[in-house]
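Asks: My structure is in run-v4.txt, and what it holds is compact mmCIF, C-alpha atoms:
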# COMPACT_ATOMS: atom_id res chain seq x y z
CA MET A 24 83.93 101.82 89.10
CA SER A 25 83.94 98.84 91.48
CA GLU A 26 87.01 97.23 92.96
CA ARG A 27 88.02 93.69 93.79
CA TRP A 28 90.75 92.19 95.91
CA CYS A 29 93.08 90.15 93.77
CA PRO A 30 94.73 87.41 95.87
CA ARG A 31 97.61 86.90 93.46
CA VAL A 32 99.13 90.32 94.01
CA GLY A 33 97.53 91.15 97.33
CA ARG A 34 95.92 94.51 96.73
CA TRP A 35 92.73 96.15 95.53
CA ARG A 36 92.32 96.76 91.81
CA THR A 37 89.46 98.01 89.66
CA ARG A 38 87.64 95.42 87.60
CA LEU A 39 89.01 96.99 84.43
CA ALA A 40 92.51 96.27 85.69
CA LEU A 41 91.70 92.74 86.75
CA VAL A 42 93.50 91.06 83.88
CA GLY A 43 96.71 92.88 84.72
CA CYS A 44 96.14 92.19 88.39
CA CYS A 45 95.86 88.44 88.11
CA VAL A 46 99.38 87.65 86.98
CA SER A 47 101.11 84.32 87.40
CA VAL A 48 100.96 82.94 90.92
CA ALA A 49 104.58 81.92 90.50
CA ALA A 50 105.55 85.59 90.37
CA CYS A 51 104.25 85.95 93.92
CA ALA A 52 106.41 83.22 95.35
CA SER A 53 110.11 82.74 95.82
CA THR A 54 109.91 78.96 96.21
CA GLN A 55 109.16 76.89 93.13
CA TYR A 56 107.94 73.31 92.76
CA GLY A 57 108.01 71.73 89.33
CA GLY A 58 107.86 75.17 87.70
CA ARG A 59 105.18 76.52 90.04
CA ALA A 60 104.98 77.77 93.59
CA VAL A 61 104.52 75.23 96.36
CA PRO A 62 101.26 75.99 98.20
CA ALA A 63 102.58 74.96 101.63
CA ASP A 64 105.62 77.18 101.11
CA LEU A 65 103.35 80.11 100.23
CA LEU A 66 101.35 79.48 103.39
CA ASN A 67 104.48 79.31 105.53
CA ARG A 68 105.86 82.41 103.84
CA GLY A 69 102.68 84.29 104.72
CA LEU A 70 102.64 83.07 108.31
CA LEU A 71 106.30 83.97 108.79
CA ALA A 72 105.60 87.42 107.36
CA LEU A 73 102.88 87.90 109.96
CA GLU A 74 105.31 86.71 112.63
CA ALA A 75 107.68 89.45 111.42
CA ASP A 76 104.88 92.06 111.36
CA ASP A 77 105.10 92.30 107.55
CA TYR A 78 101.40 92.42 106.82
CA GLU A 79 101.69 93.47 103.17
CA GLU A 80 104.03 90.58 102.35
CA ALA A 81 101.70 88.21 104.20
CA LYS A 82 98.75 89.32 102.09
CA VAL A 83 100.61 88.52 98.87
CA ALA A 84 101.74 85.04 99.94
CA LEU A 85 98.49 84.01 101.63
CA GLY A 86 96.44 85.35 98.73
CA ALA A 87 98.50 83.28 96.30
CA ALA A 88 97.95 80.14 98.41
CA ILE A 89 94.19 80.79 98.41
CA GLU A 90 94.19 81.23 94.65
CA MET A 91 96.02 77.94 94.16
CA CYS A 92 94.16 75.80 96.70
CA GLY A 93 90.68 77.24 97.32
CA THR A 94 89.20 75.54 100.37
CA ALA A 95 91.58 72.57 100.27
CA PRO A 96 93.50 72.37 103.59
CA VAL A 97 96.35 74.72 102.64
CA GLY A 98 94.02 77.27 101.01
CA GLU A 99 91.60 77.12 103.92
CA GLN A 100 94.32 77.81 106.47
CA ALA A 101 95.72 80.63 104.31
CA GLY A 102 92.28 82.21 103.95
CA LEU A 103 91.53 82.13 107.65
CA ALA A 104 95.00 83.46 108.48
CA LEU A 105 94.46 86.34 106.06
CA ALA A 106 91.01 87.11 107.46
CA ILE A 107 92.25 87.08 111.06
CA ALA A 108 95.17 89.35 110.17
CA ALA A 109 92.90 91.77 108.31
CA ALA A 110 90.54 91.96 111.30
CA ASP A 111 93.45 92.75 113.64
CA PRO A 112 93.07 96.41 114.70
CA ARG A 113 96.78 96.94 114.01
CA HIS A 114 96.01 96.39 110.32
CA ASP A 115 92.47 97.74 110.39
CA GLU A 116 91.03 96.17 107.26
CA PRO A 117 87.70 94.86 108.56
CA SER A 118 86.12 95.01 105.10
CA LEU A 119 88.81 92.69 103.74
CA ALA A 120 88.27 90.35 106.70
CA ALA A 121 84.52 90.40 106.04
CA ALA A 122 85.00 89.82 102.31
CA VAL A 123 87.36 86.87 102.77
CA THR A 124 85.19 85.14 105.36
CA SER A 125 82.01 85.85 103.39
CA ALA A 126 83.57 84.28 100.30
CA TYR A 127 84.74 81.30 102.37
CA LEU A 128 81.37 80.78 104.05
CA SER A 129 79.69 80.87 100.62
CA GLN A 130 81.68 77.81 99.53
CA PRO A 131 80.09 74.34 99.69
CA HIS A 132 83.37 72.72 100.84
CA ARG A 133 84.35 73.83 104.36
CA SER A 134 85.65 72.15 107.48
CA VAL A 135 83.79 72.40 110.78
CA TRP A 136 86.58 74.28 112.53
CA GLY A 137 87.03 76.56 109.52
CA ARG A 138 83.35 77.48 109.41
CA GLN A 139 83.26 78.21 113.14
CA MET A 140 86.34 80.42 112.97
CA ALA A 141 85.18 82.19 109.79
CA GLU A 142 81.79 83.01 111.29
CA SER A 143 83.43 84.56 114.36
CA VAL A 144 85.84 86.65 112.28
CA TYR A 145 83.02 87.67 109.93
CA LEU A 146 80.85 88.95 112.79
CA LEU A 147 83.83 90.67 114.43
CA ALA A 148 84.68 92.41 111.14
CA LEU A 149 81.12 93.65 110.70
CA SER A 150 80.99 94.90 114.30
CA THR A 151 84.12 97.01 113.73
CA GLY A 152 82.90 98.76 110.60
CA GLY A 153 83.63 96.17 107.91
CA GLU A 154 81.36 95.73 104.92
CA ALA A 155 81.05 92.34 103.24
CA ASP A 156 80.82 92.41 99.46
CA ASP A 157 81.00 88.99 97.81
CA ALA A 158 82.22 90.62 94.60
CA THR A 159 85.41 91.94 96.18
CA PHE A 160 87.06 88.60 96.95
CA GLU A 161 86.85 85.27 95.20
CA ILE A 162 87.84 81.82 96.41
CA PRO A 163 87.91 78.97 93.89
CA GLY A 164 84.88 76.81 94.64
CA ASN A 165 86.14 73.51 93.26
CA PRO A 166 86.03 70.43 95.50
CA PRO A 167 89.21 70.12 97.62
CA GLU A 168 90.21 66.89 95.87
CA SER A 169 90.28 68.68 92.50
CA PHE A 170 93.23 70.87 93.51
CA PRO A 171 96.88 69.76 93.22
CA PRO A 172 97.87 67.10 95.78
CA GLU A 173 100.20 69.55 97.53
CA CYS A 174 97.13 71.60 98.49
CA SER A 175 96.18 68.79 100.88
CA ALA A 176 99.38 69.06 102.90
CA SER A 177 99.09 68.96 106.68
CA PRO A 178 98.38 72.31 108.38
CA SER A 179 101.41 74.45 109.07
CA ARG A 180 103.16 73.68 112.36
CA LEU A 181 105.67 76.51 112.35
CA SER A 182 106.94 77.37 115.83
CA SER A 183 106.68 80.97 116.92
CA THR A 184 109.91 82.75 117.72
CA ARG A 185 108.28 85.21 120.08
CA ALA A 186 108.73 84.88 123.80
CA SER A 187 105.87 83.36 125.75
CA GLY A 188 103.74 86.00 127.40
CA ASP A 189 104.89 88.61 124.87
CA LEU A 190 101.51 90.25 124.45
CA PRO A 191 101.00 93.11 121.96
CA ASP A 192 100.28 96.57 123.29
CA PRO A 193 96.59 97.51 123.25
CA PRO A 194 96.03 99.51 120.07
CA PRO A 195 94.28 102.89 120.00
CA SER A 196 90.81 103.00 118.53
CA SER A 197 90.95 102.10 114.86
CA PRO A 198 89.91 104.70 112.25
CA SER A 199 86.70 102.79 111.53
CA VAL A 200 85.79 102.69 115.22
CA ARG A 201 86.64 106.36 115.68
CA GLU A 202 84.48 107.24 112.69
CA ALA A 203 81.53 105.34 114.16
CA GLU A 204 82.06 107.04 117.52
CA LEU A 205 82.20 110.45 115.82
CA GLU A 206 79.01 109.79 113.88
CA ALA A 207 77.24 108.76 117.08
CA ARG A 208 78.45 111.92 118.83
CA ILE A 209 77.23 114.09 115.94
CA LEU A 210 73.78 112.53 116.20
CA GLU A 211 73.75 113.24 119.93
CA LEU A 212 74.69 116.88 119.35
CA GLN A 213 72.07 117.27 116.65
CA ALA A 214 69.42 115.90 119.00
CA GLU A 215 70.58 118.25 121.76
CA LEU A 216 70.48 121.21 119.37
CA GLU A 217 66.96 120.37 118.31
CA ARG A 218 65.92 120.13 121.96
CA ILE A 219 67.40 123.56 122.71
CA GLN A 220 65.76 125.09 119.65
CA GLU A 221 62.42 123.66 120.75
CA THR A 222 62.71 125.23 124.22
CA LEU A 223 63.59 128.64 122.72
CA ARG A 224 60.55 128.79 120.50
CA PRO A 225 57.88 131.27 121.74
Can you dump the structure from the file as structure tokens?

Replies:
Amino acid sequence: MSERWCPRVGRWRTRLALVGCCVSVAACASTQYGGRAVPADLLNRGLLALEADDYEEAKVALGAAIEMCGTAPVGEQAGLALAIAAADPRHDEPSLAAAVTSAYLSQPHRSVWGRQMAESVYLLALSTGGEADDATFEIPGNPPESFPPECSASPSRLSSTRASGDLPDPPPSSPSVREAELEARILELQAELERIQETLRP
């Protein structure tokens, strides 16, 4: 049974559970606007969650903004923020990063800076063990002007509260990288064993 990432609730669900997964976007957000969540507030909520190292909360808020705005400015920024966070070795979800950027790059409506950033994140995700599956993440493909006007809000300009020069500690090798390294080592040992067996043959 295949799985798909559902932006509205921010986690993987099987296709059979998709209807239950895609609940009201408003349920994902604490801020309401005319009876529905405000896209810019969802974006800011996700970015502030990342600032606070709350990755799971960020996925929910950013996913909801993507679902509401597609590749309109707010949705585009939310999608790229989610992809970058997923590719971060501290979160180690390169397949999610690859899926989000693959879905974004498949859209006809993209900005120049967004495409350049998405391509870099996509290649980085693949190089660290990610697998891109277009079926696992969907971004609404409507033209940006077809989304609600609030989806065209200016990009978020939240100021970081972290001290300048406060660099994160280098992470240990991620599980996906360690797995690749282990597989390579196994192949080396197998080749060495075959060489030894060949020299021992009469």

Asks: Which residue is closest to Pro62 of chain A? Choose from A:Ala141, A:Val123, A:Cys174, A:Leu146 and count all atoms listed in the file.

Replies: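 Under the stated criterion, the closest residue is A:Cys174.
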
Asks: Using only C-alpha atoms for the distances, tell me which of A:Leu70, A:Ala101, A:Ala214, A:Leu149 is nearest to Glu116 of chain A.

Replies: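 When distances to Glu116 of chain A are compared using only C-alpha atoms, the smallest one comes from A:Leu149.
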
Asks: Of the candidates A:Ala104, A:Ala155, A:Ala81, A:Val144, which one gets nearest to Ala126 of chain A if we count only C-alpha atoms?

Replies: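 Checking each candidate against Ala126 of chain A, we get A:Ala155 as the closest.
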
Asks: Using all atoms listed in the file, which of the listed residues (A:Gly86, A:Pro191, A:Pro166, A:Pro131) sits closest to Pro112 of chain A?

Replies: A:Pro191

Asks: Point out the residue among A:Leu128, A:Leu205, A:Ile89, A:Leu181 with the least atom-to-atom distance to Ala72 of chain A, counting all atoms listed in the file.

Replies: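 Smallest distance to Ala72 of chain A is found for A:Leu181.
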
Asks: Residues of segment 119-177 of chain A that approach segment 93-100 of chain A to 9 Å or less, counting all atoms listed in the file: could you list each one with the shortest pair of atoms and its distance in Å to one decimal, rows by chain and increasing residue number, as JSON lines?

Replies:
{"residue": "A:Tyr127", "atom": "CA", "partner": "A:Thr94", "partner_atom": "CA", "distance": 7.6}
{"residue": "A:Gln130", "atom": "CA", "partner": "A:Thr94", "partner_atom": "CA", "distance": 7.9}
{"residue": "A:His132", "atom": "CA", "partner": "A:Thr94", "partner_atom": "CA", "distance": 6.5}
{"residue": "A:Arg133", "atom": "CA", "partner": "A:Thr94", "partner_atom": "CA", "distance": 6.5}
{"residue": "A:Ser134", "atom": "CA", "partner": "A:Glu99", "partner_atom": "CA", "distance": 8.5}
{"residue": "A:Gly137", "atom": "CA", "partner": "A:Glu99", "partner_atom": "CA", "distance": 7.2}
{"residue": "A:Ile162", "atom": "CA", "partner": "A:Gly93", "partner_atom": "CA", "distance": 5.5}
{"residue": "A:Pro163", "atom": "CA", "partner": "A:Gly93", "partner_atom": "CA", "distance": 4.7}
{"residue": "A:Gly164", "atom": "CA", "partner": "A:Gly93", "partner_atom": "CA", "distance": 6.4}
{"residue": "A:Asn165", "atom": "CA", "partner": "A:Gly93", "partner_atom": "CA", "distance": 7.1}
{"residue": "A:Pro166", "atom": "CA", "partner": "A:Ala95", "partner_atom": "CA", "distance": 7.6}
{"residue": "A:Pro167", "atom": "CA", "partner": "A:Ala95", "partner_atom": "CA", "distance": 4.3}
{"residue": "A:Glu168", "atom": "CA", "partner": "A:Ala95", "partner_atom": "CA", "distance": 7.3}
{"residue": "A:Ser169", "atom": "CA", "partner": "A:Ala95", "partner_atom": "CA", "distance": 8.8}
{"residue": "A:Phe170", "atom": "CA", "partner": "A:Ala95", "partner_atom": "CA", "distance": 7.2}
{"residue": "A:Glu173", "atom": "CA", "partner": "A:Val97", "partner_atom": "CA", "distance": 8.2}
{"residue": "A:Cys174", "atom": "CA", "partner": "A:Val97", "partner_atom": "CA", "distance": 5.3}
{"residue": "A:Ser175", "atom": "CA", "partner": "A:Pro96", "partner_atom": "CA", "distance": 5.2}
{"residue": "A:Ala176", "atom": "CA", "partner": "A:Val97", "partner_atom": "CA", "distance": 6.4}
{"residue": "A:Ser177", "atom": "CA", "partner": "A:Pro96", "partner_atom": "CA", "distance": 7.2}

Asks: Can I get the selection written as a PDB file, in the frame of the given file, with C-alpha atoms?

Replies:
ATOM      1  CA  TYR A 127      84.740  81.300 102.370  1.00  0.00           C
ATOM      2  CA  GLN A 130      81.680  77.810  99.530  1.00  0.00           C
ATOM      3  CA  HIS A 132      83.370  72.720 100.840  1.00  0.00           C
ATOM      4  CA  ARG A 133      84.350  73.830 104.360  1.00  0.00           C
ATOM      5  CA  SER A 134      85.650  72.150 107.480  1.00  0.00           C
ATOM      6  CA  GLY A 137      87.030  76.560 109.520  1.00  0.00           C
ATOM      7  CA  ILE A 162      87.840  81.820  96.410  1.00  0.00           C
ATOM      8  CA  PRO A 163      87.910  78.970  93.890  1.00  0.00           C
ATOM      9  CA  GLY A 164      84.880  76.810  94.640  1.00  0.00           C
ATOM     10  CA  ASN A 165      86.140  73.510  93.260  1.00  0.00           C
ATOM     11  CA  PRO A 166      86.030  70.430  95.500  1.00  0.00           C
ATOM     12  CA  PRO A 167      89.210  70.120  97.620  1.00  0.00           C
ATOM     13  CA  GLU A 168      90.210  66.890  95.870  1.00  0.00           C
ATOM     14  CA  SER A 169      90.280  68.680  92.500  1.00  0.00           C
ATOM     15  CA  PHE A 170      93.230  70.870  93.510  1.00  0.00           C
ATOM     16  CA  GLU A 173     100.200  69.550  97.530  1.00  0.00           C
ATOM     17  CA  CYS A 174      97.130  71.600  98.490  1.00  0.00           C
ATOM     18  CA  SER A 175      96.180  68.790 100.880  1.00  0.00           C
ATOM     19  CA  ALA A 176      99.380  69.060 102.900  1.00  0.00           C
ATOM     20  CA  SER A 177      99.090  68.960 106.680  1.00  0.00           C
TER      21      SER A 177
END

Asks: Around (106.0, 84.3, 110.6), as given in the file, which residues come within 12 Å? Count only C-alpha atoms and list them as a VMD selection string.

Replies: chain A and resid 64 to 78 80 to 81 84 to 85 104 108 179 to 185

Asks: Any idea what the distance is between atom CA of Val61 of chain A and atom CA of Val83 of chain A?

Replies: 14.1 Å

Asks: Go through A:Ala148, A:Ala87, A:Ala63, A:Val135 and flag the residue nearest Pro117 of chain A, using all atoms listed in the file for the distances.

Replies: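 Ranking A:Ala148, A:Ala87, A:Ala63, A:Val135 by distance to Pro117 of chain A, first place goes to A:Ala148.
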
Asks: Report, in Å with one decimal, the straight-line distance from atom CA of Ala110 of chain A to atom CA of Glu161 of chain A.

Replies: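 Atom-to-atom, atom CA of Ala110 of chain A to atom CA of Glu161 of chain A, that is 17.8 Å.
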
Asks: Just want the 7 Å neighbourhood of Tyr145 of chain A, counted on all atoms listed in the file, with same-chain residues fewer than 5 positions away dropped. Output as a PyMOL selection string.

Replies: chain A and resi 120-121+124-125

Asks: Quick one: pull the distance between atom CA of Gly152 of chain A and atom CA of Glu217 of chain A, Å, one decimal.

Replies: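 Between atom CA of Gly152 of chain A and atom CA of Glu217 of chain A the gap is 27.9 Å.
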